[in-house]
$ cat data.cif   # mmCIF, C-alpha atoms
data_start
loop_
_atom_site.label_atom_id
_atom_site.label_comp_id
_atom_site.auth_asym_id
_atom_site.auth_seq_id
_atom_site.Cartn_x
_atom_site.Cartn_y
_atom_site.Cartn_z
CA GLU A 63 55.54 49.92 72.74
CA LYS A 64 54.93 51.50 76.05
CA ASN A 65 53.18 49.46 78.68
CA GLY A 66 53.70 46.33 76.55
CA ALA A 67 51.08 47.42 73.93
CA PRO A 68 51.59 45.97 70.44
CA PRO A 69 52.75 48.33 67.74
CA VAL A 70 50.01 49.91 65.63
CA LYS A 71 50.29 49.35 61.89
CA SER A 72 49.18 52.00 59.47
CA MET A 73 46.01 51.56 57.35
CA ALA A 74 48.17 51.42 54.23
CA THR A 75 50.24 48.64 55.75
CA SER A 76 47.09 46.77 56.79
CA LEU A 77 45.50 46.93 53.35
CA LEU A 78 48.63 46.26 51.32
CA GLY A 79 50.40 43.86 53.64
CA LEU A 80 47.63 41.26 54.22
CA HIS A 81 46.95 38.64 51.57
CA SER A 82 43.94 36.46 50.64
CA LYS A 83 44.07 32.93 49.19
CA ALA A 84 40.31 32.35 49.09
CA ARG A 85 40.16 32.21 45.28
CA GLY A 86 43.09 29.87 44.79
CA ALA A 87 45.56 32.63 43.78
CA VAL A 88 47.54 34.89 46.14
CA THR A 89 46.03 38.37 46.09
CA THR A 90 45.91 41.30 48.45
CA GLU A 91 42.70 42.52 50.01
CA TRP A 92 43.26 45.77 48.18
CA ASP A 93 43.35 43.92 44.85
CA ASP A 94 40.13 42.13 45.75
CA ILE A 95 38.44 45.42 46.54
CA GLN A 96 39.62 46.94 43.25
CA ARG A 97 38.33 43.94 41.29
CA ARG A 98 34.93 44.15 42.98
CA ILE A 99 34.52 47.78 41.98
CA GLY A 100 35.86 47.12 38.46
CA ASN A 101 39.20 48.87 38.63
CA LEU A 102 41.11 45.59 38.01
CA PRO A 103 40.29 42.73 35.61
CA PRO A 104 39.06 39.44 37.14
CA LEU A 105 41.53 36.67 37.90
CA GLN A 106 42.05 33.92 35.30
CA SER A 107 40.50 31.36 37.66
CA GLU A 108 37.39 33.53 37.99
CA LEU A 109 37.10 33.80 34.22
CA HIS A 110 37.37 29.99 33.93
CA GLN A 111 34.70 29.49 36.57
CA ALA A 112 32.41 31.97 34.82
CA GLU A 113 32.94 30.27 31.46
CA GLN A 114 32.35 26.83 32.97
CA SER A 115 29.17 28.02 34.68
CA GLY A 116 27.95 29.53 31.41
CA ALA A 117 28.68 26.31 29.52
CA GLU A 118 26.83 24.25 32.12
CA ALA A 119 23.88 26.61 31.96
CA GLY A 120 23.89 26.41 28.15
CA ALA A 121 23.99 22.63 28.29
CA ARG A 122 21.05 22.62 30.69
CA VAL A 123 19.13 24.76 28.21
CA GLN A 124 20.20 22.69 25.16
CA TRP A 125 19.28 19.27 26.56
CA PRO A 126 15.56 19.99 26.88
CA ALA A 127 15.56 21.46 23.36
CA ASP A 128 17.22 18.31 21.94
CA GLU A 129 14.76 16.09 23.76
CA GLU A 130 11.82 18.11 22.47
CA ARG A 131 13.12 17.96 18.90
CA ALA A 132 13.65 14.18 19.16
CA ALA A 133 10.14 13.75 20.56
CA LYS A 134 8.67 15.72 17.65
CA GLN A 135 10.61 13.63 15.13
CA LEU A 136 9.45 10.40 16.77
CA ALA A 137 5.85 11.62 16.75
CA ALA A 138 6.10 12.49 13.05
CA VAL A 139 7.55 9.06 12.15
CA THR A 140 4.87 7.31 14.21
CA ALA A 141 2.09 9.34 12.57
CA GLU A 142 3.43 8.53 9.09
CA ALA A 143 3.60 4.81 9.89
CA GLU A 144 0.03 4.87 11.22
CA ARG A 145 -1.16 6.71 8.09
CA LYS A 146 0.43 4.12 5.78
CA GLU A 147 -1.07 1.28 7.82
CA GLU A 148 -4.52 2.88 7.55
CA GLU A 149 -4.07 3.22 3.78
CA ARG A 150 -3.16 -0.47 3.49
CA GLU A 151 -6.21 -1.45 5.51
CA LEU A 152 -8.45 0.74 3.34
CA ASP A 153 -6.98 -0.77 0.17
CA SER A 154 -7.66 -4.26 1.51
CA LEU A 155 -11.24 -3.32 2.37
CA ARG A 156 -11.79 -1.80 -1.08
CA LEU A 157 -10.44 -4.92 -2.79
CA ALA A 158 -12.59 -7.20 -0.63
CA ARG A 159 -15.65 -5.08 -1.36
CA LYS A 160 -14.88 -5.11 -5.08
CA LEU A 161 -14.65 -8.89 -5.09
CA GLU A 162 -17.90 -9.14 -3.14
CA LEU A 163 -19.68 -6.94 -5.67
CA GLN A 164 -18.24 -8.87 -8.57
CA ALA A 165 -19.20 -12.18 -6.97
CA GLY A 166 -22.87 -11.16 -6.78
CA ARG A 167 -23.05 -9.12 -9.99
CA TYR A 168 -23.79 -11.86 -12.51
CA GLY A 169 -25.11 -15.41 -12.32
CA SER A 170 -26.99 -15.80 -15.60
CA VAL A 171 -26.52 -15.52 -19.35
CA ILE A 172 -27.71 -12.21 -20.80
CA GLU A 173 -28.36 -11.55 -24.48
CA ILE A 174 -26.71 -8.59 -26.18
CA ALA A 175 -26.72 -7.10 -29.69
CA ARG A 176 -23.84 -5.99 -31.87
CA ALA A 177 -24.18 -2.38 -30.66
CA GLY A 178 -23.70 -3.51 -27.06
CA PHE A 179 -20.59 -5.61 -27.66
CA ILE A 180 -18.04 -2.92 -26.78
CA PRO A 181 -19.67 -1.64 -23.55
CA GLN A 182 -20.71 -5.14 -22.40
CA VAL A 183 -17.53 -7.00 -23.33
CA ASN A 184 -14.56 -4.75 -24.04
CA GLN A 185 -15.53 -2.30 -21.31
CA ALA A 186 -16.88 -4.85 -18.81
CA GLY A 187 -14.59 -3.57 -16.07
CA GLU A 188 -11.16 -4.14 -14.63
CA GLY A 189 -10.54 -7.79 -13.84
CA VAL A 190 -13.94 -8.96 -15.14
CA GLY A 191 -13.87 -12.11 -17.24
CA VAL A 192 -16.44 -12.36 -20.03
CA VAL A 193 -17.66 -15.41 -21.94
CA VAL A 194 -19.24 -14.44 -25.28
CA PHE A 195 -21.47 -17.18 -26.66
CA LEU A 196 -22.21 -17.01 -30.40
CA PHE A 197 -25.46 -18.88 -30.99
CA LYS A 198 -28.26 -19.48 -33.47
CA LYS A 199 -31.89 -19.86 -32.49
CA GLY A 200 -33.33 -23.30 -33.20
CA HIS A 201 -29.84 -24.75 -33.50
CA TYR A 202 -29.47 -27.91 -31.39
CA ALA A 203 -25.77 -27.51 -30.55
CA SER A 204 -26.39 -23.88 -29.54
CA SER A 205 -29.34 -24.82 -27.33
CA TYR A 206 -27.31 -27.53 -25.58
CA MET A 207 -24.42 -25.13 -24.94
CA LEU A 208 -26.83 -22.56 -23.50
CA VAL A 209 -28.02 -25.07 -20.88
CA LEU A 210 -24.42 -25.71 -19.79
CA LEU A 211 -23.54 -22.02 -19.70
CA GLU A 212 -26.54 -21.20 -17.50
CA LYS A 213 -25.26 -23.74 -14.96
CA LEU A 214 -21.72 -22.37 -15.13
CA ALA A 215 -22.98 -18.80 -14.73
CA ARG A 216 -24.62 -19.76 -11.44
CA LYS A 217 -21.50 -21.64 -10.33
CA HIS A 218 -19.15 -18.76 -11.26
CA PRO A 219 -21.14 -15.54 -10.62
CA HIS A 220 -17.98 -13.41 -10.90
CA ILE A 221 -17.78 -14.26 -14.63
CA LYS A 222 -19.97 -12.36 -17.05
CA PHE A 223 -21.77 -14.61 -19.55
CA VAL A 224 -23.36 -13.01 -22.63
CA GLN A 225 -24.87 -14.48 -25.79
CA ILE A 226 -25.14 -12.85 -29.18
CA ALA A 227 -26.59 -14.04 -32.47
CA HIS A 228 -23.73 -15.38 -34.55
CA ASP A 229 -24.59 -13.43 -37.72
CA ASP A 230 -25.17 -10.23 -35.73
CA CYS A 231 -21.75 -10.50 -34.11
CA ILE A 232 -19.93 -11.62 -37.27
CA PRO A 233 -21.84 -11.27 -40.56
CA ASN A 234 -21.95 -14.50 -42.59
CA TYR A 235 -20.49 -16.53 -39.74
CA PRO A 236 -20.94 -20.21 -40.74
CA ASP A 237 -23.30 -22.46 -38.77
CA ARG A 238 -20.71 -25.24 -38.73
CA ASN A 239 -18.62 -23.19 -36.28
CA LEU A 240 -21.39 -23.20 -33.69
CA PRO A 241 -21.33 -23.18 -30.78
CA THR A 242 -18.49 -20.66 -30.44
CA LEU A 243 -17.16 -19.16 -27.22
CA LEU A 244 -14.98 -16.03 -27.16
CA LEU A 245 -13.15 -15.63 -23.83
CA TYR A 246 -12.30 -12.04 -22.79
CA LYS A 247 -10.77 -10.27 -19.84
CA ASP A 248 -9.66 -6.65 -19.56
CA ASP A 249 -10.45 -6.04 -23.25
CA GLU A 250 -8.19 -8.91 -24.29
CA LEU A 251 -9.24 -12.02 -26.18
CA LEU A 252 -7.69 -14.82 -24.11
CA GLY A 253 -9.00 -17.70 -26.17
CA GLN A 254 -11.77 -19.03 -28.39
CA CYS A 255 -13.55 -22.36 -28.64
CA VAL A 256 -15.00 -23.04 -32.10
CA GLY A 257 -17.43 -25.92 -32.62
CA VAL A 258 -17.98 -29.04 -30.54
CA SER A 259 -14.52 -30.37 -31.41
CA ALA A 260 -13.01 -27.75 -29.05
CA PHE A 261 -14.68 -29.66 -26.18
CA GLY A 262 -13.80 -33.18 -27.30
CA GLY A 263 -16.78 -33.98 -29.53
CA ALA A 264 -20.57 -33.84 -29.64
CA SER A 265 -20.99 -35.71 -26.35
CA TYR A 266 -19.11 -33.12 -24.33
CA GLY A 267 -20.39 -31.99 -20.93
CA ILE A 268 -20.17 -29.14 -18.42
CA ASP A 269 -16.73 -30.22 -17.19
CA ASP A 270 -15.33 -29.83 -20.69
CA VAL A 271 -16.56 -26.25 -20.90
CA GLU A 272 -15.39 -25.36 -17.38
CA TRP A 273 -11.95 -26.75 -18.17
CA GLU A 274 -11.61 -24.38 -21.12
CA LEU A 275 -12.61 -21.41 -18.95
CA ALA A 276 -10.09 -22.43 -16.30
CA ARG A 277 -7.37 -23.01 -18.87
CA VAL A 278 -7.32 -19.30 -19.80
CA GLY A 279 -7.71 -18.13 -16.22
CA LEU A 280 -11.36 -17.08 -16.14
CA ALA A 281 -12.60 -19.76 -13.74
CA ARG A 282 -11.31 -21.96 -10.96
CA THR A 283 -11.93 -25.66 -11.18
CA GLU A 284 -11.41 -28.73 -9.04
CA LEU A 285 -10.76 -30.85 -12.13
CA GLN A 286 -7.33 -32.44 -11.99
CA SER A 287 -6.98 -33.18 -15.69
CA ASN A 288 -8.43 -32.24 -19.04
CA PRO A 289 -11.71 -34.16 -19.38
CA HIS A 290 -11.48 -34.10 -23.17
CA GLU A 291 -7.82 -34.92 -23.44
CA ARG A 292 -9.10 -37.90 -25.40
CA PRO A 293 -11.97 -37.21 -27.80
CA HIS A 294 -15.41 -38.19 -26.56
CA LYS A 295 -17.15 -41.03 -28.37
#
$ encode --input "data.cif" --output "structure tokens"
Amino acid sequence: EKNGAPPVKSMATSLLGLHSKARGAVTTEWDDIQRRIGNLPPLQSELHQAEQSGAEAGARVQWPADEERAAKQLAAVTAEAERKEEERELDSLRLARKLELQAGRYGSVIEIARAGFIPQVNQAGEGVGVVVFLFKKGHYASSYMLVLLEKLARKHPHIKFVQIAHDDCIPNYPDRNLPTLLLYKDDELLGQCVGVSAFGGASYGIDDVEWELARVGLARTELQSNPHERPHK
């Protein structure tokens, strides 16, 4: 205290007597030094800050991972939708091509024998309609029907028209039942027209035959009503 000089504090007093509030809690500089070198545990506020920083860092790492996973899922869903759409387009093209082939496959009446009945009629193909004409050579009613069927075959080329000798198809089949039409599709007998009475009488025409084909679903027709609803004179 001589000469007005301030008193000198000891080093111990300086280290232990001064306090720091930089971290939000009252601590001594000595405590801070001990914590830095690991002799004292960190303050609770420091632990909270460290945990919060770690959580924020983890969140920053997790967000990109979530976004990447969502992007992959979206890409997979989009690819699946595109694949299904391509399959639908291919199915439509296949169906259109099938109809085109069927439309140009026939167009005339072909003659078959008994041995060819199953492959030509029963196994004609999926969705193929078949008209089987039982005829007799030199028989007027059979010859007239053949003329009409040739015209219908050209008009409806998607329908398969075949003719077979009546006694070859069905042994001892009576002439009085001629002409006879057997109407098939997908190996199923949809209907049969026996004799001229099935078409309204001996003066029947092409519309009468087409109506019968349309009635069982083999052909399309623009006829609005049955042309032989009343018997022909």
$ atom_distance --input "data.cif" --atom1 "CA of Gly187 in chain A" --atom2 "CA of Leu210 in chain A"
24.5 Å
$ closest_residue --input "data.cif" --among "A:Lys222, A:Ala137, A:Leu252, A:Tyr235" --to "Val183 in chain A" --atoms "only C-alpha atoms"
A:Lys222
$ atom_distance --input "data.cif" --atom1 "CA of Glu291 in chain A" --atom2 "CA of Phe197 in chain A"
25.0 Å
$ resolve_selection --input "data.cif" --expression "the PyMOL selection byres ((chain A and resi 226-233) around 12)" --output "count of residues only"
38
$ atom_distance --input "data.cif" --atom1 "CA of Cys255 in chain A" --atom2 "CA of Tyr168 in chain A"
21.8 Å
$ residues_around --input "data.cif" --residues "range 268-275 of chain A" --least-positions-apart "3" --cutoff "10 Å" --atoms "only C-alpha atoms" --output "mmCIF file with C-alpha atoms, in the frame of the given file"
data_model
loop_
_atom_site.group_PDB
_atom_site.id
_atom_site.type_symbol
_atom_site.label_atom_id
_atom_site.label_comp_id
_atom_site.auth_asym_id
_atom_site.auth_seq_id
_atom_site.Cartn_x
_atom_site.Cartn_y
_atom_site.Cartn_z
ATOM 1 C CA GLY A 191 -13.870 -12.110 -17.240
ATOM 2 C CA VAL A 192 -16.440 -12.360 -20.030
ATOM 3 C CA VAL A 193 -17.660 -15.410 -21.940
ATOM 4 C CA MET A 207 -24.420 -25.130 -24.940
ATOM 5 C CA VAL A 209 -28.020 -25.070 -20.880
ATOM 6 C CA LEU A 210 -24.420 -25.710 -19.790
ATOM 7 C CA LEU A 211 -23.540 -22.020 -19.700
ATOM 8 C CA LYS A 213 -25.260 -23.740 -14.960
ATOM 9 C CA LEU A 214 -21.720 -22.370 -15.130
ATOM 10 C CA HIS A 218 -19.150 -18.760 -11.260
ATOM 11 C CA ILE A 221 -17.780 -14.260 -14.630
ATOM 12 C CA LEU A 243 -17.160 -19.160 -27.220
ATOM 13 C CA LEU A 245 -13.150 -15.630 -23.830
ATOM 14 C CA LEU A 252 -7.690 -14.820 -24.110
ATOM 15 C CA GLY A 253 -9.000 -17.700 -26.170
ATOM 16 C CA GLN A 254 -11.770 -19.030 -28.390
ATOM 17 C CA CYS A 255 -13.550 -22.360 -28.640
ATOM 18 C CA ALA A 260 -13.010 -27.750 -29.050
ATOM 19 C CA PHE A 261 -14.680 -29.660 -26.180
ATOM 20 C CA GLY A 262 -13.800 -33.180 -27.300
ATOM 21 C CA GLY A 263 -16.780 -33.980 -29.530
ATOM 22 C CA SER A 265 -20.990 -35.710 -26.350
ATOM 23 C CA VAL A 278 -7.320 -19.300 -19.800
ATOM 24 C CA GLY A 279 -7.710 -18.130 -16.220
ATOM 25 C CA LEU A 280 -11.360 -17.080 -16.140
ATOM 26 C CA ALA A 281 -12.600 -19.760 -13.740
ATOM 27 C CA ARG A 282 -11.310 -21.960 -10.960
ATOM 28 C CA THR A 283 -11.930 -25.660 -11.180
ATOM 29 C CA GLU A 284 -11.410 -28.730 -9.040
ATOM 30 C CA LEU A 285 -10.760 -30.850 -12.130
ATOM 31 C CA GLN A 286 -7.330 -32.440 -11.990
ATOM 32 C CA SER A 287 -6.980 -33.180 -15.690
ATOM 33 C CA ASN A 288 -8.430 -32.240 -19.040
ATOM 34 C CA PRO A 289 -11.710 -34.160 -19.380
ATOM 35 C CA HIS A 290 -11.480 -34.100 -23.170
ATOM 36 C CA GLU A 291 -7.820 -34.920 -23.440
#
$ build_atoms --input "data.cif" --residues "range 219-230 of chain A" --atoms "all heavy atoms" --output "PDB file, in the frame of the given file"
ATOM      1  N   PRO A 219     -20.427 -16.822 -10.446  1.00  0.00           N
ATOM      2  CA  PRO A 219     -21.140 -15.540 -10.620  1.00  0.00           C
ATOM      3  C   PRO A 219     -20.223 -14.342 -10.851  1.00  0.00           C
ATOM      4  O   PRO A 219     -20.695 -13.271 -11.198  1.00  0.00           O
ATOM      5  CB  PRO A 219     -21.922 -15.401  -9.320  1.00  0.00           C
ATOM      6  CG  PRO A 219     -21.154 -16.196  -8.324  1.00  0.00           C
ATOM      7  CD  PRO A 219     -20.595 -17.357  -9.075  1.00  0.00           C
ATOM      8  N   HIS A 220     -18.902 -14.526 -10.641  1.00  0.00           N
ATOM      9  CA  HIS A 220     -17.980 -13.410 -10.900  1.00  0.00           C
ATOM     10  C   HIS A 220     -17.642 -13.296 -12.389  1.00  0.00           C
ATOM     11  O   HIS A 220     -17.029 -12.305 -12.808  1.00  0.00           O
ATOM     12  CB  HIS A 220     -16.690 -13.604 -10.101  1.00  0.00           C
ATOM     13  CG  HIS A 220     -15.900 -14.814 -10.504  1.00  0.00           C
ATOM     14  ND1 HIS A 220     -16.272 -16.092 -10.161  1.00  0.00           N
ATOM     15  CD2 HIS A 220     -14.764 -14.938 -11.243  1.00  0.00           C
ATOM     16  CE1 HIS A 220     -15.400 -16.954 -10.656  1.00  0.00           C
ATOM     17  NE2 HIS A 220     -14.478 -16.274 -11.316  1.00  0.00           N
ATOM     18  N   ILE A 221     -18.024 -14.294 -13.185  1.00  0.00           N
ATOM     19  CA  ILE A 221     -17.780 -14.260 -14.630  1.00  0.00           C
ATOM     20  C   ILE A 221     -19.039 -13.746 -15.325  1.00  0.00           C
ATOM     21  O   ILE A 221     -20.157 -14.141 -14.985  1.00  0.00           O
ATOM     22  CB  ILE A 221     -17.418 -15.657 -15.175  1.00  0.00           C
ATOM     23  CG1 ILE A 221     -16.172 -16.193 -14.473  1.00  0.00           C
ATOM     24  CG2 ILE A 221     -17.180 -15.607 -16.680  1.00  0.00           C
ATOM     25  CD1 ILE A 221     -15.810 -17.614 -14.874  1.00  0.00           C
ATOM     26  N   LYS A 222     -18.855 -12.900 -16.287  1.00  0.00           N
ATOM     27  CA  LYS A 222     -19.970 -12.360 -17.050  1.00  0.00           C
ATOM     28  C   LYS A 222     -20.208 -13.231 -18.287  1.00  0.00           C
ATOM     29  O   LYS A 222     -19.310 -13.409 -19.115  1.00  0.00           O
ATOM     30  CB  LYS A 222     -19.672 -10.917 -17.460  1.00  0.00           C
ATOM     31  CG  LYS A 222     -20.839 -10.196 -18.112  1.00  0.00           C
ATOM     32  CD  LYS A 222     -20.459  -8.740 -18.371  1.00  0.00           C
ATOM     33  CE  LYS A 222     -21.638  -7.952 -18.911  1.00  0.00           C
ATOM     34  NZ  LYS A 222     -21.291  -6.529 -19.114  1.00  0.00           N
ATOM     35  N   PHE A 223     -21.400 -13.779 -18.401  1.00  0.00           N
ATOM     36  CA  PHE A 223     -21.770 -14.610 -19.550  1.00  0.00           C
ATOM     37  C   PHE A 223     -22.768 -13.835 -20.420  1.00  0.00           C
ATOM     38  O   PHE A 223     -23.812 -13.403 -19.930  1.00  0.00           O
ATOM     39  CB  PHE A 223     -22.404 -15.923 -19.096  1.00  0.00           C
ATOM     40  CG  PHE A 223     -21.439 -16.897 -18.459  1.00  0.00           C
ATOM     41  CD1 PHE A 223     -21.072 -16.764 -17.124  1.00  0.00           C
ATOM     42  CD2 PHE A 223     -20.904 -17.946 -19.199  1.00  0.00           C
ATOM     43  CE1 PHE A 223     -20.193 -17.661 -16.536  1.00  0.00           C
ATOM     44  CE2 PHE A 223     -20.021 -18.850 -18.620  1.00  0.00           C
ATOM     45  CZ  PHE A 223     -19.658 -18.693 -17.282  1.00  0.00           C
ATOM     46  N   VAL A 224     -22.446 -13.683 -21.695  1.00  0.00           N
ATOM     47  CA  VAL A 224     -23.360 -13.010 -22.630  1.00  0.00           C
ATOM     48  C   VAL A 224     -23.511 -13.891 -23.872  1.00  0.00           C
ATOM     49  O   VAL A 224     -22.593 -14.642 -24.239  1.00  0.00           O
ATOM     50  CB  VAL A 224     -22.853 -11.610 -23.033  1.00  0.00           C
ATOM     51  CG1 VAL A 224     -22.690 -10.721 -21.814  1.00  0.00           C
ATOM     52  CG2 VAL A 224     -21.545 -11.696 -23.808  1.00  0.00           C
ATOM     53  N   GLN A 225     -24.653 -13.785 -24.516  1.00  0.00           N
ATOM     54  CA  GLN A 225     -24.870 -14.480 -25.790  1.00  0.00           C
ATOM     55  C   GLN A 225     -25.279 -13.475 -26.844  1.00  0.00           C
ATOM     56  O   GLN A 225     -25.958 -12.490 -26.560  1.00  0.00           O
ATOM     57  CB  GLN A 225     -25.934 -15.570 -25.636  1.00  0.00           C
ATOM     58  CG  GLN A 225     -27.318 -15.064 -25.281  1.00  0.00           C
ATOM     59  CD  GLN A 225     -28.346 -16.195 -25.258  1.00  0.00           C
ATOM     60  OE1 GLN A 225     -28.038 -17.350 -25.549  1.00  0.00           O
ATOM     61  NE2 GLN A 225     -29.589 -15.859 -24.916  1.00  0.00           N
ATOM     62  N   ILE A 226     -24.853 -13.734 -28.067  1.00  0.00           N
ATOM     63  CA  ILE A 226     -25.140 -12.850 -29.180  1.00  0.00           C
ATOM     64  C   ILE A 226     -25.346 -13.699 -30.433  1.00  0.00           C
ATOM     65  O   ILE A 226     -24.649 -14.708 -30.639  1.00  0.00           O
ATOM     66  CB  ILE A 226     -23.996 -11.823 -29.387  1.00  0.00           C
ATOM     67  CG1 ILE A 226     -24.317 -10.871 -30.533  1.00  0.00           C
ATOM     68  CG2 ILE A 226     -22.661 -12.497 -29.591  1.00  0.00           C
ATOM     69  CD1 ILE A 226     -23.326  -9.713 -30.640  1.00  0.00           C
ATOM     70  N   ALA A 227     -26.321 -13.314 -31.232  1.00  0.00           N
ATOM     71  CA  ALA A 227     -26.590 -14.040 -32.470  1.00  0.00           C
ATOM     72  C   ALA A 227     -25.342 -14.052 -33.342  1.00  0.00           C
ATOM     73  O   ALA A 227     -24.671 -13.026 -33.506  1.00  0.00           O
ATOM     74  CB  ALA A 227     -27.756 -13.396 -33.211  1.00  0.00           C
ATOM     75  N   HIS A 228     -25.002 -15.226 -33.852  1.00  0.00           N
ATOM     76  CA  HIS A 228     -23.730 -15.380 -34.550  1.00  0.00           C
ATOM     77  C   HIS A 228     -23.596 -14.455 -35.755  1.00  0.00           C
ATOM     78  O   HIS A 228     -22.535 -13.877 -35.985  1.00  0.00           O
ATOM     79  CB  HIS A 228     -23.554 -16.844 -34.983  1.00  0.00           C
ATOM     80  CG  HIS A 228     -24.451 -17.293 -36.080  1.00  0.00           C
ATOM     81  ND1 HIS A 228     -25.827 -17.214 -36.020  1.00  0.00           N
ATOM     82  CD2 HIS A 228     -24.165 -17.822 -37.308  1.00  0.00           C
ATOM     83  CE1 HIS A 228     -26.351 -17.680 -37.129  1.00  0.00           C
ATOM     84  NE2 HIS A 228     -25.369 -18.067 -37.939  1.00  0.00           N
ATOM     85  N   ASP A 229     -24.692 -14.279 -36.529  1.00  0.00           N
ATOM     86  CA  ASP A 229     -24.590 -13.430 -37.720  1.00  0.00           C
ATOM     87  C   ASP A 229     -24.733 -11.950 -37.389  1.00  0.00           C
ATOM     88  O   ASP A 229     -24.425 -11.098 -38.220  1.00  0.00           O
ATOM     89  CB  ASP A 229     -25.632 -13.848 -38.757  1.00  0.00           C
ATOM     90  CG  ASP A 229     -27.038 -13.896 -38.192  1.00  0.00           C
ATOM     91  OD1 ASP A 229     -27.197 -13.684 -36.957  1.00  0.00           O
ATOM     92  OD2 ASP A 229     -27.983 -14.135 -38.962  1.00  0.00           O
ATOM     93  N   ASP A 230     -25.162 -11.628 -36.165  1.00  0.00           N
ATOM     94  CA  ASP A 230     -25.170 -10.230 -35.730  1.00  0.00           C
ATOM     95  C   ASP A 230     -23.776  -9.833 -35.256  1.00  0.00           C
ATOM     96  O   ASP A 230     -23.315  -8.714 -35.514  1.00  0.00           O
ATOM     97  CB  ASP A 230     -26.191 -10.045 -34.599  1.00  0.00           C
ATOM     98  CG  ASP A 230     -26.322  -8.601 -34.158  1.00  0.00           C
ATOM     99  OD1 ASP A 230     -25.993  -7.699 -34.965  1.00  0.00           O
ATOM    100  OD2 ASP A 230     -26.732  -8.357 -33.002  1.00  0.00           O
TER     101      ASP A 230
END
